[in-house]
file structure_23.cif (mmCIF, C-alpha atoms and all ligand atoms)
data_my_file
loop_
_atom_site.label_atom_id
_atom_site.label_comp_id
_atom_site.auth_asym_id
_atom_site.auth_seq_id
_atom_site.Cartn_x
_atom_site.Cartn_y
_atom_site.Cartn_z
CA MET A 4 192.39 159.40 258.71
CA ARG A 5 193.51 162.79 259.95
CA PHE A 6 197.30 162.73 259.81
CA PRO A 7 198.39 165.82 261.82
CA GLY A 8 199.25 164.75 265.37
CA ALA A 9 198.27 161.09 264.72
CA HIS A 10 200.11 158.02 265.99
CA VAL A 11 200.83 155.46 263.25
CA LEU A 12 200.53 152.12 265.05
CA SER A 13 198.79 149.77 262.61
CA VAL A 14 197.94 149.68 258.92
CA SER A 15 194.34 149.08 260.03
CA GLN A 16 194.17 152.84 260.61
CA PHE A 17 194.36 153.50 256.86
CA GLU A 18 191.77 153.76 254.12
CA ARG A 19 192.93 153.35 250.55
CA SER A 20 192.78 157.14 250.09
CA ASP A 21 195.20 157.57 253.05
CA VAL A 22 197.68 155.19 251.44
CA GLU A 23 197.44 157.09 248.14
CA ARG A 24 198.00 160.38 250.00
CA ILE A 25 201.16 158.98 251.68
CA PHE A 26 202.43 157.82 248.27
CA GLU A 27 201.71 161.23 246.72
CA VAL A 28 203.74 162.95 249.48
CA ALA A 29 206.49 160.29 249.15
CA ASP A 30 206.76 161.12 245.42
CA SER A 31 207.17 164.81 246.28
CA MET A 32 210.11 163.95 248.60
CA ARG A 33 212.23 162.49 245.80
CA PRO A 34 214.30 165.67 245.03
CA TYR A 35 215.14 166.00 248.76
CA ALA A 36 216.09 162.35 249.18
CA HIS A 37 218.26 162.59 246.05
CA ARG A 38 219.97 165.77 247.37
CA GLU A 39 218.78 167.83 244.39
CA ARG A 40 216.99 170.16 246.81
CA MET A 41 217.44 170.90 250.51
CA THR A 42 214.69 171.76 252.96
CA LYS A 43 214.85 173.00 256.55
CA VAL A 44 211.17 172.50 257.20
CA LEU A 45 211.83 170.60 260.46
CA ASP A 46 214.65 172.89 261.59
CA GLY A 47 214.70 172.80 265.42
CA ALA A 48 212.53 169.67 265.67
CA ILE A 49 213.74 166.57 267.55
CA MET A 50 212.88 162.96 266.71
CA GLY A 51 213.31 160.30 269.41
CA ASN A 52 214.47 157.13 267.63
CA MET A 53 213.88 154.38 270.21
CA PHE A 54 214.92 150.89 269.10
CA PHE A 55 214.69 148.10 271.66
CA GLU A 56 215.30 145.38 269.06
CA PRO A 57 218.07 145.11 266.44
CA SER A 58 217.57 147.09 263.23
CA THR A 59 219.67 148.36 260.34
CA ARG A 60 217.40 149.88 257.71
CA THR A 61 214.34 150.94 259.67
CA ARG A 62 216.30 152.81 262.35
CA VAL A 63 218.76 154.44 259.96
CA SER A 64 216.25 155.32 257.24
CA PHE A 65 213.84 156.90 259.76
CA GLY A 66 216.83 158.92 261.04
CA CYS A 67 217.94 159.92 257.52
CA ALA A 68 214.37 160.86 256.60
CA PHE A 69 214.14 163.21 259.59
CA ASN A 70 217.57 164.72 258.89
CA LEU A 71 216.65 165.27 255.22
CA LEU A 72 213.70 167.38 256.42
CA GLY A 73 216.09 169.45 258.56
CA GLY A 74 215.43 167.89 261.99
CA GLU A 75 217.68 166.40 264.69
CA VAL A 76 217.64 162.75 265.82
CA ARG A 77 218.18 161.42 269.37
CA GLU A 78 218.90 157.69 269.48
CA THR A 79 218.01 155.18 272.22
CA THR A 80 219.18 151.79 270.99
CA ASP A 81 219.82 149.50 273.94
CA ILE A 82 217.05 148.35 276.28
CA LYS A 83 219.71 147.63 278.93
CA ALA A 84 220.67 151.31 278.90
CA SER A 85 217.05 152.36 279.51
CA SER A 86 215.19 152.55 282.84
CA LEU A 87 212.71 150.03 281.40
CA THR A 88 215.14 147.46 282.88
CA LYS A 89 214.52 148.97 286.36
CA GLY A 90 210.82 148.15 286.05
CA GLU A 91 209.64 151.47 284.62
CA SER A 92 206.43 151.04 282.64
CA LEU A 93 206.03 151.77 278.94
CA TYR A 94 203.38 154.30 279.97
CA ASP A 95 205.79 156.29 282.17
CA THR A 96 208.54 156.01 279.57
CA GLY A 97 206.16 157.34 276.92
CA ARG A 98 205.08 160.25 279.06
CA VAL A 99 208.68 161.21 279.86
CA MET A 100 210.21 160.74 276.41
CA SER A 101 207.43 162.71 274.73
CA GLY A 102 208.58 165.73 276.74
CA TYR A 103 211.95 165.55 274.99
CA SER A 104 210.83 165.06 271.38
CA ASP A 105 208.46 166.35 268.71
CA ILE A 106 207.86 162.85 267.35
CA ILE A 107 208.95 159.35 268.42
CA VAL A 108 209.75 156.27 266.35
CA MET A 109 209.76 153.08 268.38
CA ARG A 110 210.57 149.38 267.93
CA HIS A 111 210.00 146.93 270.77
CA PRO A 112 209.89 143.11 271.00
CA GLN A 113 206.37 142.85 272.50
CA ALA A 114 203.18 142.95 270.41
CA GLY A 115 201.09 145.96 271.46
CA SER A 116 204.00 147.66 273.27
CA VAL A 117 204.23 150.65 270.93
CA ALA A 118 200.48 151.29 271.29
CA GLU A 119 200.83 151.16 275.09
CA PHE A 120 203.71 153.62 274.94
CA ALA A 121 201.71 155.88 272.60
CA LYS A 122 198.80 156.11 275.08
CA ALA A 123 201.02 158.25 277.32
CA SER A 124 202.82 160.18 274.60
CA ARG A 125 202.03 163.82 273.98
CA VAL A 126 203.61 163.67 270.52
CA PRO A 127 203.00 161.37 267.53
CA VAL A 128 204.45 157.86 267.82
CA LEU A 129 205.31 155.78 264.73
CA ASN A 130 205.44 152.00 265.16
CA ALA A 131 208.72 150.68 263.73
CA GLY A 132 207.83 147.07 264.60
CA ASP A 133 206.17 145.66 267.74
CA GLY A 134 207.24 142.04 268.09
CA PRO A 135 205.48 139.74 265.62
CA ASN A 136 202.50 142.08 265.34
CA GLU A 137 202.93 144.92 262.81
CA HIS A 138 205.47 146.98 260.86
CA PRO A 139 203.35 149.69 259.19
CA SER A 140 206.11 151.78 257.60
CA GLN A 141 207.64 148.63 256.04
CA ALA A 142 204.27 147.68 254.56
CA LEU A 143 203.87 151.19 253.15
CA LEU A 144 207.30 151.15 251.52
CA ASP A 145 206.66 147.63 250.22
CA LEU A 146 203.35 148.64 248.66
CA TYR A 147 204.87 151.85 247.28
CA THR A 148 207.56 149.69 245.64
CA ILE A 149 204.96 147.24 244.32
CA LYS A 150 203.02 150.12 242.80
CA LYS A 151 206.14 151.49 241.05
CA GLU A 152 207.31 148.07 239.84
CA LEU A 153 203.88 147.18 238.46
CA LYS A 154 203.46 150.59 236.84
CA SER A 155 206.69 150.06 234.89
CA ARG A 156 205.01 146.89 233.55
CA GLN A 157 201.69 148.73 232.82
CA GLN A 158 199.99 146.85 235.69
CA ASN A 159 198.09 147.84 238.84
CA ILE A 160 197.83 146.64 242.43
CA ASP A 161 194.15 145.83 241.80
CA GLY A 162 194.02 142.32 240.37
CA MET A 163 197.67 141.48 241.03
CA HIS A 164 198.93 138.03 242.08
CA ILE A 165 201.32 138.02 245.03
CA ALA A 166 203.07 135.07 246.67
CA MET A 167 204.30 135.46 250.26
CA ILE A 168 206.86 132.90 251.31
CA GLY A 169 208.48 131.82 254.57
CA ASP A 170 207.66 132.44 258.22
CA LEU A 171 204.22 133.99 257.77
CA LYS A 172 203.27 133.29 261.40
CA HIS A 173 205.91 135.51 263.02
CA GLY A 174 206.69 137.91 260.14
CA ARG A 175 205.22 141.28 261.05
CA THR A 176 206.00 142.67 257.59
CA VAL A 177 203.72 140.16 255.88
CA HIS A 178 200.98 140.76 258.45
CA SER A 179 201.00 144.50 257.77
CA LEU A 180 201.49 144.14 254.00
CA SER A 181 198.56 141.71 253.56
CA ARG A 182 196.25 144.02 255.49
CA LEU A 183 197.38 147.00 253.41
CA VAL A 184 196.99 145.17 250.09
CA SER A 185 193.50 144.09 251.20
CA LEU A 186 192.39 147.72 250.71
CA TYR A 187 192.73 147.10 246.95
CA SER A 188 190.51 144.80 244.92
CA LYS A 189 190.56 141.23 243.60
CA VAL A 190 194.12 140.32 244.60
CA LYS A 191 195.25 136.69 244.55
CA PHE A 192 197.41 135.80 247.57
CA THR A 193 199.44 132.57 247.48
CA LEU A 194 200.73 131.95 251.00
CA ILE A 195 203.65 129.51 251.01
CA SER A 196 204.88 128.38 254.41
CA PRO A 197 205.34 125.31 256.58
CA ARG A 198 201.92 124.48 258.07
CA GLU A 199 203.19 125.40 261.55
CA LEU A 200 204.28 128.85 260.33
CA ALA A 201 201.13 129.73 258.38
CA MET A 202 199.65 133.22 258.20
CA PRO A 203 197.40 133.88 261.24
CA GLU A 204 193.84 132.69 260.52
CA ALA A 205 192.30 136.06 261.38
CA ILE A 206 194.31 137.73 258.58
CA VAL A 207 193.43 135.00 256.03
CA GLU A 208 189.73 135.25 256.96
CA ASP A 209 189.84 139.01 256.62
CA LEU A 210 191.40 138.78 253.14
CA ARG A 211 188.68 136.37 252.03
CA THR A 212 185.92 138.49 253.56
CA ARG A 213 187.19 141.45 251.54
CA GLY A 214 186.82 139.44 248.32
CA HIS A 215 190.41 138.36 247.72
CA GLN A 216 191.46 134.88 246.64
CA VAL A 217 193.77 133.10 249.10
CA VAL A 218 195.64 129.87 248.40
CA GLU A 219 197.68 128.35 251.23
CA THR A 220 200.31 125.76 250.36
CA GLU A 221 203.53 124.12 251.55
CA ASP A 222 204.59 123.48 247.95
CA MET A 223 206.81 126.35 246.86
CA GLU A 224 207.29 125.21 243.28
CA SER A 225 203.58 125.14 242.39
CA GLY A 226 203.02 128.30 244.46
CA LEU A 227 205.61 130.25 242.45
CA ILE A 228 203.78 129.85 239.16
CA SER A 229 201.96 132.90 237.73
CA ASN A 230 202.67 135.65 240.25
CA ASP A 231 203.41 139.31 239.60
CA ILE A 232 205.25 139.61 242.93
CA VAL A 233 207.08 137.07 245.09
CA TYR A 234 207.76 138.37 248.59
CA LEU A 235 210.17 136.25 250.64
CA THR A 236 210.76 136.40 254.39
CA ARG A 237 213.35 134.82 256.66
CA ILE A 238 212.62 132.42 259.52
CA GLN A 239 212.23 134.79 262.48
CA GLU A 240 214.52 132.93 264.87
CA GLU A 241 214.07 135.54 267.61
CA ARG A 242 210.36 134.62 267.87
CA PHE A 243 211.02 130.89 268.52
CA ALA A 244 211.54 129.31 271.93
CA SER A 245 214.99 128.04 270.85
CA LYS A 246 217.42 128.05 267.93
CA PRO A 247 216.97 124.27 267.29
CA GLU A 248 213.23 124.90 266.86
CA ALA A 249 213.90 127.60 264.25
CA ASP A 250 216.45 125.31 262.57
CA LEU A 251 213.64 122.86 261.79
CA TYR A 252 212.28 125.34 259.23
CA ARG A 253 215.41 127.14 258.02
CA GLY A 254 216.35 126.42 254.42
CA ARG A 255 212.95 124.87 253.62
CA PHE A 256 212.14 127.50 250.98
CA ARG A 257 214.89 129.01 248.86
CA LEU A 258 214.70 131.16 245.74
CA ASN A 259 217.69 131.21 243.41
CA GLN A 260 218.34 131.85 239.71
CA SER A 261 217.58 128.28 238.68
CA ILE A 262 214.29 128.00 240.61
CA TYR A 263 213.22 131.47 239.46
CA THR A 264 213.85 130.61 235.80
CA GLN A 265 212.11 127.26 236.09
CA TYR A 266 208.95 128.27 237.99
CA CYS A 267 208.36 132.04 237.98
CA GLN A 268 206.90 133.84 235.01
CA PRO A 269 209.43 136.19 233.35
CA ASN A 270 209.61 139.62 235.06
CA THR A 271 208.09 138.44 238.35
CA VAL A 272 209.20 141.06 240.88
CA ILE A 273 211.33 139.63 243.70
CA MET A 274 210.92 141.33 247.08
CA HIS A 275 212.13 140.78 250.66
CA PRO A 276 211.84 143.18 253.62
CA LEU A 277 215.44 142.31 254.58
CA PRO A 278 217.54 141.31 256.36
CA ARG A 279 217.80 138.13 254.30
CA ASP A 280 219.47 135.28 256.15
CA SER A 281 222.46 134.55 253.92
CA ARG A 282 223.91 131.78 256.07
CA GLU A 283 224.28 128.57 254.07
CA GLU A 284 221.68 126.70 256.15
CA ALA A 285 219.03 129.36 255.43
CA ASN A 286 219.72 131.43 252.29
CA GLU A 287 216.07 132.01 251.38
CA LEU A 288 217.06 134.49 248.64
CA ASP A 289 220.30 133.60 246.91
CA ASN A 290 223.00 136.08 245.93
CA ASP A 291 222.98 134.64 242.41
CA LEU A 292 219.87 136.80 241.80
CA ASN A 293 221.67 140.01 242.87
CA GLN A 294 222.04 141.36 239.33
CA HIS A 295 218.58 140.28 238.18
CA PRO A 296 216.60 143.31 236.92
CA SER A 297 213.45 142.08 238.70
CA LEU A 298 215.16 141.99 242.11
CA ALA A 299 213.56 144.96 243.86
CA ILE A 300 215.04 144.56 247.37
CA PHE A 301 217.33 147.56 247.17
CA ARG A 302 214.66 149.68 245.50
CA GLN A 303 212.53 148.82 248.56
CA THR A 304 215.23 150.09 250.94
CA ASP A 305 215.66 153.32 248.94
CA ASN A 306 211.91 153.87 248.86
CA GLY A 307 211.86 153.53 252.66
CA VAL A 308 213.41 156.98 252.99
CA LEU A 309 210.72 158.59 250.79
CA VAL A 310 207.84 156.91 252.61
CA ARG A 311 209.26 157.74 256.06
CA MET A 312 209.79 161.37 255.03
CA ALA A 313 206.13 161.41 253.97
CA LEU A 314 205.01 160.02 257.35
CA PHE A 315 206.93 162.74 259.18
CA ALA A 316 205.64 165.50 256.90
CA LEU A 317 202.03 164.34 257.26
CA THR A 318 201.98 163.68 261.02
CA LEU A 319 203.87 166.91 261.77
CA ASP A 320 201.65 168.74 259.28
CA VAL A 321 204.40 170.42 257.25
CA CYS A 322 203.63 169.11 253.75
CA GLU A 323 202.71 172.57 252.47
CA GLN A 324 205.89 174.14 253.90
CA VAL A 325 208.48 171.66 252.57
CA ASP A 326 208.98 173.41 249.23
CA LYS A 327 208.66 176.92 250.69
CA SER A 328 211.58 176.36 253.05
CA SER A 329 213.79 174.75 250.41
CA ARG A 330 216.57 175.61 248.01
CA GLU A 331 218.40 173.91 245.15
CA VAL A 332 221.60 172.12 246.10
N1 LIG B 1 213.03 145.46 257.25
C1 LIG B 1 213.46 145.77 258.49
O1 LIG B 1 212.68 146.03 259.41
O2 LIG B 1 214.82 145.78 258.62
P1 LIG B 1 215.62 146.13 259.94
O3 LIG B 1 215.27 145.08 260.97
O4 LIG B 1 217.07 146.12 259.57
O5 LIG B 1 215.15 147.49 260.41
#
call {"tool": "encode", "arguments": {"input": "structure_23.cif", "output": "structure tokens", "more": "lines below"}}
Ligand code: CP
result
Amino acid sequence: MRFPGAHVLSVSQFERSDVERIFEVADSMRPYAHRERMTKVLDGAIMGNMFFEPSTRTRVSFGCAFNLLGGEVRETTDIKASSLTKGESLYDTGRVMSGYSDIIVMRHPQAGSVAEFAKASRVPVLNAGDGPNEHPSQALLDLYTIKKELKSRQQNIDGMHIAMIGDLKHGRTVHSLSRLVSLYSKVKFTLISPRELAMPEAIVEDLRTRGHQVVETEDMESGLISNDIVYLTRIQEERFASKPEADLYRGRFRLNQSIYTQYCQPNTVIMHPLPRDSREEANELDNDLNQHPSLAIFRQTDNGVLVRMALFALTLDVCEQVDKSSREV
């Protein structure tokens, strides 16, 4: 794809070479993210950070990434404080807000909403999660983390075994991550979920069509055996009609030290997009694994800054200028 000026709405936009390019730029951002160097490459630029659903890491890491490149961030974080509640369309909102920003990051509860907004925008729009549909930047940071974790074990994404566990029906991170991983070859996916919360059929079919092996199961213990990566997700309560309906599934699949030791092969990388639901009735990823060297969840969150810096640099076409407008700290 051609990055300069592009919207990033879905991982379906990417070829494998695009993903590798994003990772290459993300690697080059490390000295800036670690405050070893400073750049002002986006000095004077404004990012509109529009979050109409709760967020901790996506909103803040997109903001940090833009600040680390020298730009300013304008936050819109409450749908009730926006004229969308007066009946204004996403199209009009997109047209207006793109007059105030050089790039917009947006999260919204409806599938397809960010794409609708982007149709009217005169500046690039990055999808930070549109309902249960997609979360492209999360999938990129997840795959970037997978690549790094596997490399430290002399392994590759091609041929890896990954288990995805939890609410695979509503989890936009697993939708985007599966599609992104499908660009690689001969991956084995073990999809562990209650039958009612299975991965959408269209995604499973697509994985099989691209030559990947897919096993779907409700049995976590057998599904955990012989994976390189286990990727857990929480029950997405906000996508259910009611809390009691979500409660039916909460706590069904839990990973803790004892289960990990018993069923996972040693060194299996443990991932989660976060937030994990640490309430007793859910607790899909137990705190007793917090010190485990294979727990990669906080390496994922750190890598989010690098990947989001790369997305800004590529879509605003400043990759070549980052180093030129920099100095040592
Ligand atoms: N992973 C993720 O999207 O986290 P937030 O909802 O906190 O942004």
call {"tool": "residues_around", "arguments": {"input": "structure_23.cif", "residues": "Asn130 in chain A", "least_positions_apart": "5", "cutoff": "9 Å", "atoms": "all atoms listed in the file", "output": "list of chain:residue names"}}
result
A:His10, A:Val11, A:Leu12, A:Ser13, A:Ile107, A:Val108, A:Met109, A:Arg110, A:His111, A:Val117, A:Ala118, A:Glu137, A:His138, A:Pro139, A:Ser140
call {"tool": "write_last_selection", "arguments": {"input": "structure_23.cif", "atoms": "C-alpha atoms", "output": "mmCIF file, keeping the file's coordinate frame"}}
result
data_model
loop_
_atom_site.group_PDB
_atom_site.id
_atom_site.type_symbol
_atom_site.label_atom_id
_atom_site.label_comp_id
_atom_site.auth_asym_id
_atom_site.auth_seq_id
_atom_site.Cartn_x
_atom_site.Cartn_y
_atom_site.Cartn_z
ATOM 1 C CA HIS A 10 200.110 158.020 265.990
ATOM 2 C CA VAL A 11 200.830 155.460 263.250
ATOM 3 C CA LEU A 12 200.530 152.120 265.050
ATOM 4 C CA SER A 13 198.790 149.770 262.610
ATOM 5 C CA ILE A 107 208.950 159.350 268.420
ATOM 6 C CA VAL A 108 209.750 156.270 266.350
ATOM 7 C CA MET A 109 209.760 153.080 268.380
ATOM 8 C CA ARG A 110 210.570 149.380 267.930
ATOM 9 C CA HIS A 111 210.000 146.930 270.770
ATOM 10 C CA VAL A 117 204.230 150.650 270.930
ATOM 11 C CA ALA A 118 200.480 151.290 271.290
ATOM 12 C CA GLU A 137 202.930 144.920 262.810
ATOM 13 C CA HIS A 138 205.470 146.980 260.860
ATOM 14 C CA PRO A 139 203.350 149.690 259.190
ATOM 15 C CA SER A 140 206.110 151.780 257.600
#
call {"tool": "residues_around", "arguments": {"input": "structure_23.cif", "residues": "range 63-79 of chain A", "least_positions_apart": "5", "cutoff": "6 Å", "atoms": "all atoms listed in the file", "output": "list in words"}}
result
Thr42, Lys43, Val44, Leu45, Asp46, Ala48, Ile49, Met50, Gly51, Asn52, Met53, Val308, Arg311 and Met312 of chain A
call {"tool": "residues_near_ligand", "arguments": {"input": "structure_23.cif", "ligand": "ligand LIG 1 (chain B)", "cutoff": "6 Å", "atoms": "all atoms listed in the file", "output": "JSON list (two decimals) with C-alpha atoms, keeping the file's coordinate frame"}}
result
[["chain", "number", "residue", "atom", "x", "y", "z"],
["A", 58, "SER", "CA", 217.57, 147.09, 263.23],
["A", 59, "THR", "CA", 219.67, 148.36, 260.34],
["A", 60, "ARG", "CA", 217.40, 149.88, 257.71],
["A", 61, "THR", "CA", 214.34, 150.94, 259.67],
["A", 62, "ARG", "CA", 216.30, 152.81, 262.35],
["A", 276, "PRO", "CA", 211.84, 143.18, 253.62],
["A", 277, "LEU", "CA", 215.44, 142.31, 254.58],
["A", 278, "PRO", "CA", 217.54, 141.31, 256.36]]
call {"tool": "closest_residue", "arguments": {"input": "structure_23.cif", "among": "A:Asn259, A:Cys322, A:Pro7, A:Leu314", "to": "Asp291 in chain A", "atoms": "only C-alpha atoms"}}
result
A:Asn259
call {"tool": "residues_around", "arguments": {"input": "structure_23.cif", "residues": "Ala249 in chain A", "least_positions_apart": "6", "cutoff": "9 Å", "atoms": "only C-alpha atoms", "output": "ChimeraX atom specification"}}
result
/A:238-243
call {"tool": "write_last_selection", "arguments": {"input": "structure_23.cif", "atoms": "C-alpha atoms", "output": "mmCIF file, keeping the file's coordinate frame"}}
result
data_model
loop_
_atom_site.group_PDB
_atom_site.id
_atom_site.type_symbol
_atom_site.label_atom_id
_atom_site.label_comp_id
_atom_site.auth_asym_id
_atom_site.auth_seq_id
_atom_site.Cartn_x
_atom_site.Cartn_y
_atom_site.Cartn_z
ATOM 1 C CA ILE A 238 212.620 132.420 259.520
ATOM 2 C CA GLN A 239 212.230 134.790 262.480
ATOM 3 C CA GLU A 240 214.520 132.930 264.870
ATOM 4 C CA GLU A 241 214.070 135.540 267.610
ATOM 5 C CA ARG A 242 210.360 134.620 267.870
ATOM 6 C CA PHE A 243 211.020 130.890 268.520
#
call {"tool": "residues_around", "arguments": {"input": "structure_23.cif", "residues": "range 184-198 of chain A", "least_positions_apart": "4", "cutoff": "8 Å", "atoms": "all atoms listed in the file", "output": "PyMOL selection string"}}
result
chain A and resi 18-19+146+160-171+180+202+210+213-223+226+252
call {"tool": "residues_around", "arguments": {"input": "structure_23.cif", "residues": "Thr148 in chain A", "least_positions_apart": "3", "cutoff": "8 Å", "atoms": "all atoms listed in the file", "output": "list in words"}}
result
Leu144, Asp145, Lys151, Glu152, Ala299, Arg302, Gln303 and Asn306 of chain A
call {"tool": "closest_residue", "arguments": {"input": "structure_23.cif", "among": "A:Tyr263, A:Val233, A:Leu309, A:Leu319", "to": "Pro34 in chain A", "atoms": "only C-alpha atoms"}}
result
A:Leu309
call {"tool": "closest_residue", "arguments": {"input": "structure_23.cif", "among": "A:Leu143, A:Glu204, A:Glu283, A:Asn136", "to": "Phe17 in chain A", "atoms": "all atoms listed in the file"}}
result
A:Leu143
call {"tool": "residues_near_point", "arguments": {"input": "structure_23.cif", "point": "(207.1, 152.2, 276.2)", "cutoff": "7 Å", "atoms": "only C-alpha atoms", "output": "ChimeraX atom specification"}}
result
/A:92-94,96-97,116-117,119-120
call {"tool": "write_last_selection", "arguments": {"input": "structure_23.cif", "atoms": "C-alpha atoms", "output": "tab-separated table (two decimals), in the frame of the given file"}}
result
chain	number	residue	atom	x	y	z
A	92	SER	CA	206.43	151.04	282.64
A	93	LEU	CA	206.03	151.77	278.94
A	94	TYR	CA	203.38	154.30	279.97
A	96	THR	CA	208.54	156.01	279.57
A	97	GLY	CA	206.16	157.34	276.92
A	116	SER	CA	204.00	147.66	273.27
A	117	VAL	CA	204.23	150.65	270.93
A	119	GLU	CA	200.83	151.16	275.09
A	120	PHE	CA	203.71	153.62	274.94
